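Everything on this sheet refers to the single structure shown next.
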Amino acid sequence: MKSALQGIRVVDFGHVMAGPWCTMQLASLGAEVIKIETRARPDEQRAQHGKGAVGSLEGNSNFFEINLGKKSVSLNLTTEEGKALAKKLVATADIVLENMRPGVMTKLGLDYPELVKVKPDLIMLSLSGFGATGPLRRYAAYNPCFTSVGGTSHLTGYAEKKPNTMTNSGGDARAGTAAVFAALVALKFRQETGKGQFIDSSSCEVINSMIGDQMMDYALNRRSPKRHGNTDAVMAPHNVYRCAGADEWVSIAVGNDAEWAGLVRAMGDPAWADEPAFATAEGRKANEARLDALIGEWTAEKGYVEAMHRLQAEGVAATPSFKASDLFSDPHVVARGQVQAVDHPVLGRRKTITAPYRLSETPTAIRGTAPQLGQDNDYVLRELLGLSQDEIDKLVQAEVVY
Amino acid sequence: MDALKARVIELADFVAGPYCGKLLADFGADVIKIERPGRGDDARYIGPFKDDTPNPEASGTFLYLNTNKRSVELDIETDEGRAAFLQLVRTADVLIEDKMPGELAKLGLGYEDLRAINPNLVVTSITPFGQIGPYSSYKAYHLNLYHASGQGYLLPMWAINLDVPPCQGPGYLGLFDGGMAGATATLAALFWRDAGGTGQHVDVSIQHAMMTLERSQLRRFIDDGVDPNRTGKGRLLESLVECAGGEFAVVILSSQQQWEGLWRAMGKPEWGAQPPFDTQKGRADNYAELRVRLNDWAKTISQDELFHRIQREGSAAAPILTAEGVFALEQFRGRGHFVTIDHPVAGPLEYIAQPTRPSNVDLEPKRPAPLLGQHTQEVLAELAEKGN
């Protein structure tokens with residue numbers, strides 16, 4: 001099968017979330033991704049699960065989710081030989097990714113100035129919460145910090161309630177996704193100019209750039225926009241409405257008079273819809289609370305999927321607030337191949353979500369399950385780096401390969 | 001000067017498609033935006049506007065999403081417009097389009113038609129539910145996509161109970177997710193084409209892009225057969241606190257190590273070293289009381305003090321910033337997160353810059369978003385020249 005990044009090798013010093021997220025997407029586009037890790041200090045996503053530390057490093061389902069299709073070599077980077085081998089591997093690669101705290105790669109002798117010596121056209125992606133420069137560069141940051149400093153927390157939630165730090169990993173996921181984009185920009189430039197790149201990406205900046213439109217209110221008016229729940233500044237109805245099943249909600253948005261007419265038809269032409277107050281977009285917005293209550297009476301009797309189909313049949317934008325269980329079996333999701341079952345030696349066969357673009361000539365694919373720690377040592381050390389079995393045995397004994 | 005050597009035609013409105021175009025334009029691609037004569041992109045009408053006075057040449061959303069592009073007014077439904085569009089496509093590397101599936105094919109401008117005249121073309125279609133599948137013709141605004149993706153059901157996170165309705169995310173974040181997926185796939189397709197491949201059709205479903213981003217939460221259902229929801233019960237990860245002056249911050253509670261730094265920052269209160277608050281389990285079991293105590297402390301200091309005090313102890317915390325706070329953050333300013341761009345109508349304004357900046361690339365200074373049809377003559381003249 002043809003793939004867009006065939007022949008591109010990525011050396012992945014990523015751990016936890018944002019870094020692994022990026023390299024997994026590169027793997028789905030066809031790159032060979034080799035994760036460098038060690039049981040001396042295992043990836044937090046291998047070693048932690050929900051309520052705390054776990055016994056096995058191979059049973060974490062979130063590690064599975066963000067490391068699909070990668071290879072793993074176990075190298076202890078606190079040893080001189082481990083660092084030297086990592087560097088040798090980088091010399092064979094196109095892209096290096098790392099998301100250690102700024103300064104750690106320098107301490108290891110594996111920062112960009114060092115690595116570019118062994119691979120002059122190297123593309124190196126350095127991901128961190130606040131970026132590798134500036135007064136906050138050493139500050140710790142997890143997802144809620146990215147969303148808070150990035151400005152999205154303040155804009156999420158209901159107007160009358162407190163700000164919201166969003167979910168636990170969307171900020172990491174977006175930081176990782178932006179890094180995939182950056183990697184491709186760099187690859188394209190390398191293809192055109194032969195030059196490599198160093199990219200120092202701050203997760204807070206990435207998040208903020210994705211609400212850059214909202215920031216324009218400050219640029220124009222010195223005014224900070226506020227959160228507004230499910231409502232829109234102009235459109236009404238524009239909300240979620242409770243449906244018949246347990247915690248079932250349908251989202252409905254009406255953007256013009258034709259869609260309003262469609263909504264009225266879908267509801268069976270109720271008498272109240274003829275009220276002059278609802279005849280114009282302005283009227284509907286001015287009477288939004290009452291309108292929401294009336295629509296809610298109609299949706300209360302419907303299942304949320306049924307409500308979607310009925311409304312969409314009349315040209316109205318409506319979708320359920322889908323739950324995870326809905327999505328893994330939804331007919332549209334399944335028809336598009338948005339979910340796929342993947343085998344894992346410890347977790348068994350389980351459904352997961354595929355890469356979000358269909359390329360007609362170079363389809364993306366989940367090229368394998370999440371790796372077990374060091375499962376590709378033989379391939380990497382013998383085939384790529386040319387070590388003998390004897391040398392490898394010694395490195396294992398010295399806990400360099402560990 | 002360096003630039004992505006790609007000519008991109010953008011036939012897209014509002015946020016998702018234009019953000020895809022912006023991501024390419026900001027790295028030097030020649031992005032030609034096709035706008036409906038006399039009206040232009042829908043984003044020109046949504047603001048924010050200076051002093052809330054509508055002006056299609058100065059909508060903040062449009063200005064941000066269309067930097068570095070050229071604008072051509074063209075009605076592709078007229079014979080003349082269609083002919084010019086086809087001519088543009090012949091010279092292009094990429095077409096970004098966001099029409100409902102089948103709409104362009106009806107005009108004789110579907111992927112197969114375009115491939116026939118330009119086999120090297122990458123066509124990137126960005127729509128709510130993608131080109132195929134039972135919902136492909138379904139309409140969805142940002143609100144609907146947020147909920148259809150599974151992300152909305154998990155918000156607002158830490159809801160007190162399920163009577164709090166699920167909620168959309170901030171701004172048009174979900175549409176940005178769609179645009180980012182589109183730009184990524186477009187570059188992958190271009191990279192492959194220029195390594196000896198051909199053009200191709202890239203099909204992006206915004207719903208899929210958003211759903212992928214939520215994989216770490218959605219997989220919880222695969223783990224234990226229970227739908228994760230917005231109440232986030234039983235997970236000790238973080239806490240929102242209100243500081244002196246009513247500003248908010250978040251403190252991280254995800255491990256014993258994080259806790260110890262926070263505890264030191266609080267001045268080592270006795271209760272924090274005693275049961276039940278001395279272990280992760282104890283704090284999880286007594287989360288409500290823990291939050292009260294954290295808030296009691298937070299109220300005594302400013303948002304800024306809290307942030308730096310905790311970080312100095314090696315633990316994570318962060319201020320919840322408004323737009324004003326974002327623009328005031330020295331960390332952002334010093335790193336080049338803002339770029340001033342002068343616009344003929346809106347004047348000079350500070351925009352958020354591209355966050356991923358390659359080190360060895362020398363890009364042209366940023367150009368403002370185009371006026372409606374600003375480059376129509378220029379682009380058509382170029383075409384005429386190429387035709388000769």
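Scheme for the structure tokens: letters A, B, ... for chains in order shown; per-chain residue numbers from 1; ligand numbers from 1 in order shown.
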
task = Show me which bits of chain B are within 6 Å of chain A, counting only C-alpha atoms, as a ChimeraX atom specification.
result = /B:48,50,60-61,64,133-134,139-140,144,147-148,150,153,156-157,167-170,184,188,191-192,200-204,208-209,212-213,216,218,227,311,316,318,320-324,331,349-350,352,355-360

Store the residues picked out above in a file with C-alpha atoms, as a tab-separated table (two decimals), in the first residue's frame.
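Saved the output as selection_37.tsv:
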chain	number	residue	atom	x	y	z
B	48	PRO	CA	-15.95	41.06	16.22
B	50	LYS	CA	-14.37	47.76	16.04
B	60	GLY	CA	-11.93	40.28	13.36
B	61	THR	CA	-12.70	36.67	12.49
B	64	TYR	CA	-7.44	36.57	11.46
B	133	GLY	CA	-21.37	7.87	4.78
B	134	PRO	CA	-25.02	8.22	5.78
B	139	LYS	CA	-25.80	20.08	8.12
B	140	ALA	CA	-23.85	21.09	11.17
B	144	ASN	CA	-23.64	20.61	16.30
B	147	HIS	CA	-21.83	17.58	20.20
B	148	ALA	CA	-21.64	15.10	17.30
B	150	GLY	CA	-18.38	13.31	21.57
B	153	TYR	CA	-20.99	15.44	26.04
B	156	PRO	CA	-18.53	21.42	31.07
B	157	MET	CA	-16.05	19.15	32.77
B	167	CYS	CA	-21.87	22.19	26.32
B	168	GLN	CA	-19.96	23.22	23.20
B	169	GLY	CA	-16.32	24.24	23.38
B	170	PRO	CA	-14.84	27.75	23.08
B	184	THR	CA	-1.91	18.51	7.60
B	188	ALA	CA	1.23	15.14	3.31
B	191	PHE	CA	4.95	15.93	-0.09
B	192	TRP	CA	4.09	12.56	-1.61
B	200	GLN	CA	-5.27	13.02	-4.95
B	201	HIS	CA	-8.50	13.73	-3.14
B	202	VAL	CA	-8.31	14.42	0.59
B	203	ASP	CA	-11.58	13.93	2.42
B	204	VAL	CA	-11.78	15.55	5.85
B	208	HIS	CA	-13.92	12.72	12.69
B	209	ALA	CA	-11.13	15.22	13.35
B	212	THR	CA	-9.94	11.68	17.10
B	213	LEU	CA	-8.83	14.47	19.43
B	216	SER	CA	-8.15	9.46	25.33
B	218	LEU	CA	-13.72	8.11	24.56
B	227	ASP	CA	-19.77	6.20	29.09
B	311	GLN	CA	5.63	26.58	40.07
B	316	ALA	CA	2.09	22.65	38.06
B	318	ALA	CA	-1.76	28.01	35.84
B	320	ILE	CA	-7.00	31.13	33.75
B	321	LEU	CA	-6.37	33.96	31.35
B	322	THR	CA	-8.85	36.24	29.63
B	323	ALA	CA	-7.89	37.76	26.28
B	324	GLU	CA	-6.50	40.71	28.22
B	331	GLN	CA	6.12	34.80	28.08
B	349	LEU	CA	-3.60	45.39	14.98
B	350	GLU	CA	-1.87	42.72	17.02
B	352	ILE	CA	-1.88	35.87	17.21
B	355	PRO	CA	2.71	29.01	17.01
B	356	THR	CA	5.02	26.61	15.21
B	357	ARG	CA	7.88	28.56	13.70
B	358	PRO	CA	10.59	26.68	11.78
B	359	SER	CA	14.06	28.01	12.63
B	360	ASN	CA	15.70	28.01	9.20

ask   = Got a sec to tell me which of segment 211-375 of chain B DSSP assigns to strand (DSSP E or B), as a PyMOL selection string?
value = chain B and resi 238-242+248-252+317-319+338-343+347-352+358

message = One number please: atom CA of Arg309 of chain B to atom CA of Asn295 of chain B, in Å, one decimal.
response =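 One can read the atom CA of Arg309 of chain B to atom CA of Asn295 of chain B distance as 15.2 Å.
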
ask   = as a PyMOL selection string, which residues of segment 322-389 of chain A does DSSP assign to alpha helix (DSSP H)?
value = chain A and resi 324-329+331-335+377+389

task = With a distance cut-off of 6 Å and only C-alpha atoms, select the neighbouring residues of segment 118-130 of chain B, excluding the residue or stretch itself and same-chain residues fewer than 2 positions from it, and output the selection as a list in words.
result =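 So the residues in contact are Arg90, Asp93, Val94, Leu95, Ile96, Glu97, Asp98, Arg115, Ala116, Ile132, Ser136, Thr198, Gly199, Gln200, His201, Val202, Asp203, Val204, Ser205, Ile206 and Gln207 of chain B.
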
Saved selection, atoms kept: C-alpha atoms, as a short mmCIF file (atom, residue, chain, number, x, y, z; two decimals), in the first residue's frame:
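Below you can see out_27.cif, which holds the result:
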data_model
loop_
_atom_site.label_atom_id
_atom_site.label_comp_id
_atom_site.auth_asym_id
_atom_site.auth_seq_id
_atom_site.Cartn_x
_atom_site.Cartn_y
_atom_site.Cartn_z
CA ARG B 90 -5.16 24.21 -14.12
CA ASP B 93 -1.36 22.63 -6.77
CA VAL B 94 -4.20 22.53 -4.27
CA LEU B 95 -7.92 23.25 -4.14
CA ILE B 96 -9.45 23.63 -0.68
CA GLU B 97 -13.24 23.40 -0.83
CA ASP B 98 -16.04 23.12 1.68
CA ARG B 115 -8.36 15.61 -11.98
CA ALA B 116 -9.02 15.19 -15.68
CA ILE B 132 -19.17 9.53 2.17
CA SER B 136 -22.50 13.16 4.57
CA THR B 198 0.34 12.19 -8.19
CA GLY B 199 -2.47 14.44 -7.08
CA GLN B 200 -5.27 13.02 -4.95
CA HIS B 201 -8.50 13.73 -3.14
CA VAL B 202 -8.31 14.42 0.59
CA ASP B 203 -11.58 13.93 2.42
CA VAL B 204 -11.78 15.55 5.85
CA SER B 205 -14.73 15.10 8.17
CA ILE B 206 -14.65 17.72 10.90
CA GLN B 207 -16.61 15.38 13.14
#

query = For Ser72 of chain A, which residue out of A:Val104, A:Val10, A:Ala273, A:Val264 is the nearest one, using only C-alpha atoms?
reply = A:Val10

task = Would you work out the distance separating atom CA of Ser255 of chain B from atom CA of Thr23 of chain A, expressed in Å to one decimal?
result = 26.1 Å

ask   = Quick one: residues within 6 Å of segment 299-303 of chain A, only C-alpha atoms counted, chain neighbours fewer than 2 positions away excluded, as a PyMOL selection string?
value = chain A and resi 242-244+296-297+305-307

Using N, CA and C atoms, can you export the residues from the last selection as a CSV table (one decimal), in the first residue's frame?
chain,number,residue,atom,x,y,z
A,242,ARG,N,-33.2,18.5,25.9
A,242,ARG,CA,-33.3,17.2,26.5
A,242,ARG,C,-34.2,16.3,25.7
A,243,CYS,N,-33.8,15.1,25.5
A,243,CYS,CA,-34.7,14.1,24.7
A,243,CYS,C,-35.2,13.1,25.7
A,244,ALA,N,-35.8,12.0,25.1
A,244,ALA,CA,-36.6,11.1,25.9
A,244,ALA,C,-35.7,10.2,26.8
A,296,GLY,N,-38.0,22.4,23.5
A,296,GLY,CA,-37.7,21.3,24.5
A,296,GLY,C,-38.9,20.4,24.8
A,297,GLU,N,-40.1,21.0,24.7
A,297,GLU,CA,-41.3,20.1,24.9
A,297,GLU,C,-41.4,19.1,23.7
A,305,VAL,N,-31.4,10.4,18.5
A,305,VAL,CA,-31.0,10.0,17.2
A,305,VAL,C,-32.2,10.2,16.2
A,306,GLU,N,-33.4,9.9,16.7
A,306,GLU,CA,-34.6,10.1,15.9
A,306,GLU,C,-34.8,11.6,15.7
A,307,ALA,N,-34.5,12.4,16.7
A,307,ALA,CA,-34.7,13.9,16.5
A,307,ALA,C,-33.7,14.4,15.5

query = Using only C-alpha atoms, which residues sit within 10 Å of Lys386 of chain B once same-chain residues fewer than 5 positions away are excluded, as a VMD selection string?
reply = chain B and resid 87 91 380 to 381

key: Option closest in space to Val361 of chain B, from A:Ala27, A:Leu115, A:Gly194, A:Ser329 [counting only C-alpha atoms]   =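 Once distances to Val361 of chain B are computed over only C-alpha atoms, the minimum belongs to A:Gly194.
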